[in-house]
$ cat input-v3.pdb   # PDB, C-alpha atoms
MODEL        1
ATOM      1  CA  MET F  14     169.933-151.469 -68.335
ATOM      2  CA  SER F  15     171.986-154.420 -67.162
ATOM      3  CA  LEU F  16     175.473-153.952 -65.738
ATOM      4  CA  LYS F  17     178.878-153.739 -67.438
ATOM      5  CA  SER F  18     179.871-157.207 -66.283
ATOM      6  CA  ASN F  19     177.026-158.603 -68.397
ATOM      7  CA  SER F  20     178.342-156.972 -71.572
ATOM      8  CA  GLU F  21     179.946-159.207 -74.180
ATOM      9  CA  TYR F  22     182.249-156.278 -74.999
ATOM     10  CA  HIS F  23     182.926-155.309 -71.350
ATOM     11  CA  ALA F  24     181.424-151.912 -72.074
ATOM     12  CA  ASN F  25     179.365-149.707 -69.794
ATOM     13  CA  SER F  26     175.624-149.780 -70.263
ATOM     14  CA  VAL F  27     173.935-146.599 -71.492
ATOM     15  CA  PHE F  28     173.008-145.648 -67.943
ATOM     16  CA  GLU F  29     176.464-146.415 -66.531
ATOM     17  CA  THR F  30     177.865-144.151 -69.236
ATOM     18  CA  LEU F  31     175.494-141.365 -68.171
ATOM     19  CA  VAL F  32     176.610-141.826 -64.560
ATOM     20  CA  ALA F  33     180.306-141.767 -65.514
ATOM     21  CA  GLN F  34     179.741-138.556 -67.484
ATOM     22  CA  LYS F  35     177.856-137.012 -64.522
ATOM     23  CA  ALA F  36     174.912-136.483 -66.844
ATOM     24  CA  VAL F  37     172.312-137.587 -64.272
ATOM     25  CA  PRO F  38     171.694-136.154 -60.771
ATOM     26  CA  GLU F  39     171.703-139.583 -59.099
ATOM     27  CA  PRO F  40     173.033-143.001 -60.187
ATOM     28  CA  VAL F  41     169.506-144.431 -60.000
ATOM     29  CA  PHE F  42     166.786-145.290 -62.497
ATOM     30  CA  ALA F  43     163.296-146.420 -61.597
ATOM     31  CA  PHE F  44     160.327-148.139 -63.194
ATOM     32  CA  LYS F  45     156.613-148.097 -62.870
ATOM     33  CA  ILE F  46     155.210-150.808 -65.123
ATOM     34  CA  ALA F  47     151.484-150.759 -65.806
ATOM     35  CA  SER F  48     148.923-151.310 -68.551
ATOM     36  CA  PHE F  49     148.686-147.505 -68.753
ATOM     37  CA  GLY F  50     150.967-144.847 -67.308
ATOM     38  CA  SER F  51     154.225-146.787 -67.271
ATOM     39  CA  GLU F  52     157.352-144.744 -66.670
ATOM     40  CA  LEU F  53     161.125-145.116 -66.778
ATOM     41  CA  TYR F  54     162.616-142.367 -64.593
ATOM     42  CA  ILE F  55     166.279-141.583 -65.220
ATOM     43  CA  GLY F  56     168.501-140.074 -62.528
ATOM     44  CA  GLY F  57     166.432-140.792 -59.421
ATOM     45  CA  VAL F  58     162.884-141.766 -58.485
ATOM     46  CA  ASN F  59     159.514-140.120 -59.050
ATOM     47  CA  PRO F  60     157.932-139.459 -55.619
ATOM     48  CA  ALA F  61     154.474-139.155 -57.194
ATOM     49  CA  LEU F  62     154.474-142.831 -58.181
ATOM     50  CA  TYR F  63     155.175-144.523 -54.856
ATOM     51  CA  GLU F  64     154.280-144.222 -51.194
ATOM     52  CA  GLY F  65     156.149-144.982 -47.997
ATOM     53  CA  THR F  66     159.815-145.919 -47.993
ATOM     54  CA  PHE F  67     161.891-148.241 -50.126
ATOM     55  CA  THR F  68     162.928-151.702 -49.039
ATOM     56  CA  TYR F  69     166.410-152.361 -50.440
ATOM     57  CA  THR F  70     168.120-155.620 -51.307
ATOM     58  CA  PRO F  71     171.788-155.728 -52.392
ATOM     59  CA  VAL F  72     172.878-157.015 -55.774
ATOM     60  CA  THR F  73     174.539-160.331 -55.003
ATOM     61  CA  ARG F  74     176.080-161.086 -58.376
ATOM     62  CA  GLN F  75     177.192-158.601 -61.004
ATOM     63  CA  GLY F  76     175.839-158.842 -64.528
ATOM     64  CA  PHE F  77     172.092-159.110 -64.314
ATOM     65  CA  TRP F  78     170.280-157.425 -61.422
ATOM     66  CA  GLN F  79     170.474-160.482 -59.167
ATOM     67  CA  ILE F  80     169.314-160.427 -55.552
ATOM     68  CA  THR F  81     168.529-162.867 -52.742
ATOM     69  CA  GLY F  82     164.862-163.167 -51.846
ATOM     70  CA  ASP F  83     163.441-164.222 -48.489
ATOM     71  CA  SER F  84     160.447-166.351 -49.464
ATOM     72  CA  ILE F  85     157.668-167.051 -51.920
ATOM     73  CA  GLU F  86     154.283-168.094 -50.547
ATOM     74  CA  ILE F  87     151.292-169.405 -52.475
ATOM     75  CA  ASP F  88     147.985-169.357 -50.598
ATOM     76  CA  GLY F  89     149.935-169.062 -47.351
ATOM     77  CA  LYS F  90     152.220-172.035 -48.056
ATOM     78  CA  GLU F  91     155.937-171.369 -48.506
ATOM     79  CA  ILE F  92     157.278-172.889 -51.712
ATOM     80  CA  ASP F  93     160.797-171.435 -51.657
ATOM     81  CA  HIS F  94     163.060-169.461 -49.334
ATOM     82  CA  GLU F  95     166.477-167.800 -49.457
ATOM     83  CA  PHE F  96     166.523-168.000 -53.225
ATOM     84  CA  ALA F  97     168.473-166.200 -55.932
ATOM     85  CA  ALA F  98     166.410-164.135 -58.361
ATOM     86  CA  ILE F  99     166.875-161.685 -61.202
ATOM     87  CA  VAL F 100     164.659-158.610 -61.502
ATOM     88  CA  ASP F 101     164.123-158.087 -65.221
ATOM     89  CA  THR F 102     161.896-155.625 -67.055
ATOM     90  CA  GLY F 103     162.473-157.571 -70.277
ATOM     91  CA  THR F 104     160.602-160.646 -69.020
ATOM     92  CA  THR F 105     156.803-160.543 -69.144
ATOM     93  CA  VAL F 106     156.043-163.253 -66.581
ATOM     94  CA  ILE F 107     157.636-164.712 -63.460
ATOM     95  CA  LEU F 108     159.942-167.511 -64.580
ATOM     96  CA  GLY F 109     160.880-170.197 -62.101
ATOM     97  CA  ASN F 110     162.838-173.412 -61.954
ATOM     98  CA  ILE F 111     160.480-175.835 -63.664
ATOM     99  CA  THR F 112     160.753-178.332 -60.794
ATOM    100  CA  TYR F 113     159.543-175.736 -58.265
ATOM    101  CA  VAL F 114     156.789-174.563 -60.579
ATOM    102  CA  ASN F 115     155.522-178.078 -61.337
ATOM    103  CA  GLN F 116     155.360-178.806 -57.612
ATOM    104  CA  LEU F 117     153.516-175.552 -57.052
ATOM    105  CA  TYR F 118     150.770-176.323 -59.546
ATOM    106  CA  ALA F 119     150.504-179.993 -58.553
ATOM    107  CA  ALA F 120     148.773-178.846 -55.360
ATOM    108  CA  MET F 121     146.196-176.796 -57.303
ATOM    109  CA  ASN F 122     143.423-177.485 -59.741
ATOM    110  CA  ALA F 123     145.796-176.587 -62.585
ATOM    111  CA  THR F 124     146.137-177.882 -66.128
ATOM    112  CA  GLU F 125     149.477-177.863 -67.945
ATOM    113  CA  VAL F 126     148.743-176.433 -71.388
ATOM    114  CA  ASP F 127     152.365-176.418 -72.535
ATOM    115  CA  LYS F 128     155.681-177.216 -70.891
ATOM    116  CA  GLY F 129     155.803-175.147 -67.717
ATOM    117  CA  ILE F 130     152.674-173.147 -68.616
ATOM    118  CA  TYR F 131     149.585-173.751 -66.521
ATOM    119  CA  ALA F 132     145.932-172.758 -66.616
ATOM    120  CA  LEU F 133     143.680-172.325 -63.603
ATOM    121  CA  PRO F 134     140.004-171.456 -63.168
ATOM    122  CA  CYS F 135     139.838-167.757 -64.048
ATOM    123  CA  ASN F 136     138.151-166.926 -60.744
ATOM    124  CA  ALA F 137     140.634-168.904 -58.641
ATOM    125  CA  MET F 138     144.044-167.343 -59.172
ATOM    126  CA  PRO F 139     146.247-168.081 -56.120
ATOM    127  CA  ASN F 140     147.326-165.554 -53.502
ATOM    128  CA  VAL F 141     151.047-165.023 -54.124
ATOM    129  CA  THR F 142     153.316-163.188 -51.698
ATOM    130  CA  ILE F 143     156.993-162.502 -52.392
ATOM    131  CA  THR F 144     159.095-161.315 -49.454
ATOM    132  CA  LEU F 145     162.204-159.278 -50.241
ATOM    133  CA  GLY F 146     164.395-157.481 -47.729
ATOM    134  CA  GLY F 147     162.023-158.495 -44.949
ATOM    135  CA  LYS F 148     158.948-156.919 -46.582
ATOM    136  CA  ALA F 149     156.095-158.936 -48.066
ATOM    137  CA  PHE F 150     154.734-157.851 -51.438
ATOM    138  CA  GLN F 151     151.431-159.367 -52.522
ATOM    139  CA  LEU F 152     150.782-159.970 -56.201
ATOM    140  CA  SER F 153     147.485-158.832 -57.663
ATOM    141  CA  ALA F 154     145.354-161.756 -58.871
ATOM    142  CA  GLU F 155     144.292-159.580 -61.799
ATOM    143  CA  ILE F 156     147.917-159.110 -62.881
ATOM    144  CA  LEU F 157     148.741-162.789 -62.331
ATOM    145  CA  ASN F 158     145.897-163.692 -64.682
ATOM    146  CA  MET F 159     147.343-163.621 -68.215
ATOM    147  CA  GLY F 160     143.984-164.165 -69.908
ATOM    148  CA  PRO F 161     141.674-167.020 -70.928
ATOM    149  CA  THR F 162     142.839-170.088 -72.792
ATOM    150  CA  ASP F 163     139.767-170.097 -75.060
ATOM    151  CA  SER F 164     136.442-168.402 -75.697
ATOM    152  CA  SER F 165     134.726-170.189 -72.802
ATOM    153  CA  GLY F 166     136.532-167.945 -70.335
ATOM    154  CA  GLU F 167     136.674-170.710 -67.745
ATOM    155  CA  LYS F 168     140.422-171.353 -67.622
ATOM    156  CA  CYS F 169     143.104-168.664 -67.599
ATOM    157  CA  ILE F 170     146.883-168.757 -67.984
ATOM    158  CA  SER F 171     148.865-168.072 -64.820
ATOM    159  CA  GLY F 172     151.742-165.609 -64.939
ATOM    160  CA  ILE F 173     154.127-167.949 -63.064
ATOM    161  CA  VAL F 174     155.854-170.124 -65.653
ATOM    162  CA  GLY F 175     158.336-172.977 -65.364
ATOM    163  CA  TYR F 176     161.294-172.749 -67.697
ATOM    164  CA  ASP F 177     164.521-174.611 -68.481
ATOM    165  CA  LEU F 178     166.853-171.636 -68.387
ATOM    166  CA  PRO F 179     170.426-173.006 -68.138
ATOM    167  CA  ASP F 180     171.306-170.654 -65.295
ATOM    168  CA  ILE F 181     168.232-171.678 -63.334
ATOM    169  CA  ASN F 182     169.123-175.349 -63.671
ATOM    170  CA  SER F 183     172.739-174.663 -62.662
ATOM    171  CA  GLY F 184     171.555-173.104 -59.413
ATOM    172  CA  ARG F 185     172.947-169.677 -60.223
ATOM    173  CA  PHE F 186     169.449-168.238 -59.892
ATOM    174  CA  GLN F 187     166.097-169.929 -59.477
ATOM    175  CA  TRP F 188     163.661-167.159 -60.412
ATOM    176  CA  VAL F 189     163.270-164.279 -62.843
ATOM    177  CA  PHE F 190     160.892-161.596 -61.598
ATOM    178  CA  GLY F 191     159.502-159.987 -64.708
ATOM    179  CA  ASP F 192     156.563-157.677 -65.279
ATOM    180  CA  VAL F 193     154.025-159.883 -63.467
ATOM    181  CA  PHE F 194     155.955-159.056 -60.291
ATOM    182  CA  MET F 195     157.109-155.543 -61.159
ATOM    183  CA  ARG F 196     153.610-154.290 -61.947
ATOM    184  CA  ASN F 197     152.861-154.679 -58.232
ATOM    185  CA  VAL F 198     155.694-152.436 -56.994
ATOM    186  CA  TYR F 199     157.696-149.325 -57.795
ATOM    187  CA  THR F 200     161.261-150.437 -58.473
ATOM    188  CA  ALA F 201     164.462-148.409 -58.157
ATOM    189  CA  PHE F 202     167.745-149.708 -59.566
ATOM    190  CA  ASP F 203     170.589-148.076 -57.650
ATOM    191  CA  VAL F 204     173.806-148.360 -59.667
ATOM    192  CA  GLY F 205     175.786-146.283 -57.176
ATOM    193  CA  GLN F 206     175.129-148.541 -54.197
ATOM    194  CA  SER F 207     174.566-151.769 -56.177
ATOM    195  CA  ARG F 208     171.093-152.473 -54.828
ATOM    196  CA  ILE F 209     167.438-152.617 -55.817
ATOM    197  CA  GLY F 210     164.684-150.850 -53.920
ATOM    198  CA  PHE F 211     160.997-151.757 -53.869
ATOM    199  CA  ALA F 212     158.154-149.529 -52.718
ATOM    200  CA  GLU F 213     154.371-149.661 -52.662
ATOM    201  CA  LEU F 214     152.693-148.032 -55.657
ATOM    202  CA  ALA F 215     150.913-144.741 -55.014
TER     203      ALA F 215
ENDMDL
END
$ encode --input "input-v3.pdb" --output "structure tokens"
Amino acid sequence: MSLKSNSEYHANSVFETLVAQKAVPEPVFAFKIASFGSELYIGGVNPALYEGTFTYTPVTRQGFWQITGDSIEIDGKEIDHEFAAIVDTGTTVILGNITYVNQLYAAMNATEVDKGIYALPCNAMPNVTITLGGKAFQLSAEILNMGPTDSSGEKCISGIVGYDLPDINSGRFQWVFGDVFMRNVYTAFDVGQSRIGFAELA
């Protein structure tokens, strides 16, 4: 579902082809991602799955669905602002520049279990708020918790992971918002107006 400019063969994506053929009512597709009841809606949005209005952010770079975010706060402390991010259903976690992520966990009672992967007390997942388009979206601690590290159930893996993606290190984008973010919102990808919309889940 990425864009033509990300194609090695400079070919339209499946959805862009559907739009060009006027096979869908609107040039929009939308996702609800959940443990149960996930949905990909083609040709618009499903009003039953969200409430309120969408907050839109423009695509800032063609290829991936790249946007500019306002801020990321952990337990009320801002750790990044005016950052470039990709919204990606194919990524399970939230990936961040490893330098930012290491600094984030240095202030917590966190244990690095592998490069960029941290464990926290299972009952002490941080409060994470991501602001996009002027609207703050809070991440569920339950979703952020990726499960225990061992049978003791004391430490759990956090869904924010530091990674050495070449594009992150080059400054092209600093974050990849995968399912750990998207499970908290209803997301509409608007091909026609080159923007992404986020709404509260119903």
$ atom_distance --input "input-v3.pdb" --atom1 "CA of Ala43 in chain F" --atom2 "CA of Glu64 in chain F"
13.9 Å
$ axis_aligned_box --input "input-v3.pdb" --around "range 151-164 of chain F" --padding-each-side "3 Å" --output "AutoDock Vina command-line options"
--center_x 143.9 --center_y -164.5 --center_z -64.1 --size_x 21.0 --size_y 17.3 --size_z 29.2
$ resolve_selection --input "input-v3.pdb" --expression "the PyMOL selection byres ((chain F and resi 83) around 7)" --output "PyMOL selection string"
chain F and resi 81-82+84+94-96+144-147
$ residues_around --input "input-v3.pdb" --residues "Lys148 in chain F" --least-positions-apart "4" --cutoff "10 Å" --atoms "only C-alpha atoms" --output "PDB file with C-alpha atoms, keeping the file's coordinate frame"
ATOM      1  CA  PHE F  67     161.891-148.241 -50.126  1.00  0.00           C
ATOM      2  CA  THR F  68     162.928-151.702 -49.039  1.00  0.00           C
ATOM      3  CA  TYR F  69     166.410-152.361 -50.440  1.00  0.00           C
ATOM      4  CA  ASP F  83     163.441-164.222 -48.489  1.00  0.00           C
ATOM      5  CA  SER F  84     160.447-166.351 -49.464  1.00  0.00           C
ATOM      6  CA  THR F 142     153.316-163.188 -51.698  1.00  0.00           C
ATOM      7  CA  ILE F 143     156.993-162.502 -52.392  1.00  0.00           C
ATOM      8  CA  THR F 144     159.095-161.315 -49.454  1.00  0.00           C
ATOM      9  CA  PHE F 211     160.997-151.757 -53.869  1.00  0.00           C
ATOM     10  CA  ALA F 212     158.154-149.529 -52.718  1.00  0.00           C
TER      11      ALA F 212
END
$ residues_near_point --input "input-v3.pdb" --point "(176.9, -145.9, -56.1)" --cutoff "9 Å" --atoms "only C-alpha atoms" --output "list in words"
Glu39, Pro40, Val41, Asp203, Val204, Gly205, Gln206, Ser207 and Arg208 of chain F
$ atom_distance --input "input-v3.pdb" --atom1 "CA of Thr112 in chain F" --atom2 "CA of Met159 in chain F"
21.2 Å
$ closest_atom_pairs --input "input-v3.pdb" --of "range 17-109 of chain F" --to "range 126-137 of chain F" --cutoff "12 Å" --atoms "all atoms listed in the file" --output "Markdown table"
| residue | atom | partner | partner_atom | distance |
| --- | --- | --- | --- | --- |
| F:Asp88 | CA | F:Ala137 | CA | 10.9 |
| F:Val106 | CA | F:Ile130 | CA | 10.6 |
| F:Ile107 | CA | F:Ile130 | CA | 11.1 |
| F:Leu108 | CA | F:Gly129 | CA | 9.2 |
| F:Gly109 | CA | F:Gly129 | CA | 9.0 |
$ closest_residue --input "input-v3.pdb" --among "F:Trp78, F:Phe186, F:Phe42, F:Tyr54" --to "Ala201 in chain F" --atoms "all atoms listed in the file"
F:Phe42
$ atom_distance --input "input-v3.pdb" --atom1 "CA of Phe202 in chain F" --atom2 "CA of Gln187 in chain F"
20.3 Å
$ resolve_selection --input "input-v3.pdb" --expression "the PyMOL selection byres ((chain F and resi 80) around 7)" --output "list of chain:residue names"
F:Thr70, F:Pro71, F:Val72, F:Thr73, F:Trp78, F:Gln79, F:Thr81, F:Gly82, F:Ala97, F:Ala98, F:Ile99
$ write_last_selection --input "input-v3.pdb" --atoms "C-alpha atoms" --output "short mmCIF file (atom, residue, chain, number, x, y, z; two decimals), in the frame of the given file"
data_model
loop_
_atom_site.label_atom_id
_atom_site.label_comp_id
_atom_site.auth_asym_id
_atom_site.auth_seq_id
_atom_site.Cartn_x
_atom_site.Cartn_y
_atom_site.Cartn_z
CA THR F 70 168.12 -155.62 -51.31
CA PRO F 71 171.79 -155.73 -52.39
CA VAL F 72 172.88 -157.01 -55.77
CA THR F 73 174.54 -160.33 -55.00
CA TRP F 78 170.28 -157.43 -61.42
CA GLN F 79 170.47 -160.48 -59.17
CA THR F 81 168.53 -162.87 -52.74
CA GLY F 82 164.86 -163.17 -51.85
CA ALA F 97 168.47 -166.20 -55.93
CA ALA F 98 166.41 -164.14 -58.36
CA ILE F 99 166.88 -161.68 -61.20
#
$ resolve_selection --input "input-v3.pdb" --expression "the PyMOL selection byres ((chain F and resi 111) around 7)" --output "PDB file with C-alpha atoms, in the coordinates of the input"
ATOM      1  CA  GLY F 109     160.880-170.197 -62.101  1.00  0.00           C
ATOM      2  CA  ASN F 110     162.838-173.412 -61.954  1.00  0.00           C
ATOM      3  CA  THR F 112     160.753-178.332 -60.794  1.00  0.00           C
ATOM      4  CA  TYR F 113     159.543-175.736 -58.265  1.00  0.00           C
ATOM      5  CA  VAL F 114     156.789-174.563 -60.579  1.00  0.00           C
ATOM      6  CA  ASN F 115     155.522-178.078 -61.337  1.00  0.00           C
ATOM      7  CA  GLY F 129     155.803-175.147 -67.717  1.00  0.00           C
ATOM      8  CA  GLY F 175     158.336-172.977 -65.364  1.00  0.00           C
ATOM      9  CA  TYR F 176     161.294-172.749 -67.697  1.00  0.00           C
ATOM     10  CA  ASP F 177     164.521-174.611 -68.481  1.00  0.00           C
TER      11      ASP F 177
END
$ closest_residue --input "input-v3.pdb" --among "F:Pro161, F:Gly172, F:Pro139, F:Gly191" --to "Phe44 in chain F" --atoms "all atoms listed in the file"
F:Gly191
$ closest_atom_pairs --input "input-v3.pdb" --of "range 31-99 of chain F" --to "range 119-124 of chain F" --cutoff "12 Å" --atoms "all atoms listed in the file" --output "Markdown table"
| residue | atom | partner | partner_atom | distance |
| --- | --- | --- | --- | --- |
| F:Ile87 | CA | F:Ala120 | CA | 10.2 |
| F:Asp88 | CA | F:Met121 | CA | 10.2 |
| F:Lys90 | CA | F:Ala120 | CA | 10.6 |
| F:Ile92 | CA | F:Ala120 | CA | 11.0 |
$ closest_residue --input "input-v3.pdb" --among "F:Asp163, F:Glu213, F:Asp93, F:Glu29" --to "Tyr199 in chain F" --atoms "only C-alpha atoms"
F:Glu213
$ build_atoms --input "input-v3.pdb" --residues "range 57-81 of chain F" --atoms "N, CA, C and O atoms" --output "CSV table (one decimal), in the frame of the given file"
chain,number,residue,atom,x,y,z
F,57,GLY,N,167.1,-140.9,-60.7
F,57,GLY,CA,166.4,-140.8,-59.4
F,57,GLY,C,165.1,-141.6,-59.4
F,57,GLY,O,165.0,-142.5,-60.2
F,58,VAL,N,164.2,-141.1,-58.6
F,58,VAL,CA,162.9,-141.8,-58.5
F,58,VAL,C,161.8,-140.7,-58.6
F,58,VAL,O,162.1,-139.5,-58.3
F,59,ASN,N,160.6,-141.1,-58.9
F,59,ASN,CA,159.5,-140.1,-59.0
F,59,ASN,C,158.6,-140.3,-57.8
F,59,ASN,O,157.9,-141.2,-57.7
F,60,PRO,N,158.7,-139.3,-56.9
F,60,PRO,CA,157.9,-139.5,-55.6
F,60,PRO,C,156.4,-139.6,-55.8
F,60,PRO,O,155.7,-140.1,-54.9
F,61,ALA,N,155.9,-139.1,-56.9
F,61,ALA,CA,154.5,-139.2,-57.2
F,61,ALA,C,154.0,-140.6,-57.5
F,61,ALA,O,152.8,-140.8,-57.4
F,62,LEU,N,154.9,-141.5,-57.7
F,62,LEU,CA,154.5,-142.8,-58.2
F,62,LEU,C,154.6,-143.9,-57.1
F,62,LEU,O,154.2,-145.1,-57.3
F,63,TYR,N,155.1,-143.5,-55.9
F,63,TYR,CA,155.2,-144.5,-54.9
F,63,TYR,C,154.8,-143.9,-53.5
F,63,TYR,O,154.8,-142.6,-53.4
F,64,GLU,N,154.6,-144.7,-52.5
F,64,GLU,CA,154.3,-144.2,-51.2
F,64,GLU,C,155.1,-145.0,-50.2
F,64,GLU,O,155.5,-146.1,-50.4
F,65,GLY,N,155.3,-144.4,-49.0
F,65,GLY,CA,156.1,-145.0,-48.0
F,65,GLY,C,157.6,-144.9,-48.4
F,65,GLY,O,158.1,-144.1,-49.1
F,66,THR,N,158.4,-145.9,-47.8
F,66,THR,CA,159.8,-145.9,-48.0
F,66,THR,C,160.2,-147.1,-48.8
F,66,THR,O,159.4,-148.1,-49.0
F,67,PHE,N,161.4,-147.1,-49.3
F,67,PHE,CA,161.9,-148.2,-50.1
F,67,PHE,C,162.4,-149.3,-49.2
F,67,PHE,O,163.0,-149.0,-48.2
F,68,THR,N,162.3,-150.6,-49.6
F,68,THR,CA,162.9,-151.7,-49.0
F,68,THR,C,164.0,-152.1,-50.0
F,68,THR,O,163.7,-152.4,-51.2
F,69,TYR,N,165.3,-152.1,-49.5
F,69,TYR,CA,166.4,-152.4,-50.4
F,69,TYR,C,167.0,-153.8,-50.2
F,69,TYR,O,167.0,-154.3,-49.1
F,70,THR,N,167.4,-154.3,-51.3
F,70,THR,CA,168.1,-155.6,-51.3
F,70,THR,C,169.4,-155.5,-52.1
F,70,THR,O,169.3,-154.9,-53.2
F,71,PRO,N,170.5,-155.9,-51.6
F,71,PRO,CA,171.8,-155.7,-52.4
F,71,PRO,C,171.9,-156.6,-53.6
F,71,PRO,O,171.3,-157.7,-53.6
F,72,VAL,N,172.6,-156.2,-54.6
F,72,VAL,CA,172.9,-157.0,-55.8
F,72,VAL,C,173.9,-158.0,-55.3
F,72,VAL,O,175.0,-157.6,-54.8
F,73,THR,N,173.7,-159.3,-55.5
F,73,THR,CA,174.5,-160.3,-55.0
F,73,THR,C,175.5,-160.9,-56.0
F,73,THR,O,176.5,-161.6,-55.7
F,74,ARG,N,175.2,-160.6,-57.3
F,74,ARG,CA,176.1,-161.1,-58.4
F,74,ARG,C,176.0,-160.1,-59.5
F,74,ARG,O,174.9,-159.8,-60.0
F,75,GLN,N,177.2,-159.6,-60.0
F,75,GLN,CA,177.2,-158.6,-61.0
F,75,GLN,C,176.8,-159.2,-62.4
F,75,GLN,O,177.1,-160.4,-62.6
F,76,GLY,N,176.3,-158.4,-63.2
F,76,GLY,CA,175.8,-158.8,-64.5
F,76,GLY,C,174.4,-158.5,-64.7
F,76,GLY,O,174.1,-157.3,-65.0
F,77,PHE,N,173.5,-159.4,-64.4
F,77,PHE,CA,172.1,-159.1,-64.3
F,77,PHE,C,171.9,-158.5,-62.9
F,77,PHE,O,172.7,-158.5,-62.1
F,78,TRP,N,170.6,-158.0,-62.7
F,78,TRP,CA,170.3,-157.4,-61.4
F,78,TRP,C,169.8,-158.6,-60.6
F,78,TRP,O,168.6,-158.8,-60.4
F,79,GLN,N,170.8,-159.3,-60.0
F,79,GLN,CA,170.5,-160.5,-59.2
F,79,GLN,C,170.5,-160.2,-57.7
F,79,GLN,O,171.4,-159.5,-57.2
F,80,ILE,N,169.5,-160.7,-57.0
F,80,ILE,CA,169.3,-160.4,-55.6
F,80,ILE,C,169.0,-161.7,-54.9
F,80,ILE,O,168.7,-162.8,-55.5
F,81,THR,N,169.0,-161.7,-53.5
F,81,THR,CA,168.5,-162.9,-52.7
F,81,THR,C,167.2,-162.5,-52.1
F,81,THR,O,167.0,-161.5,-51.5
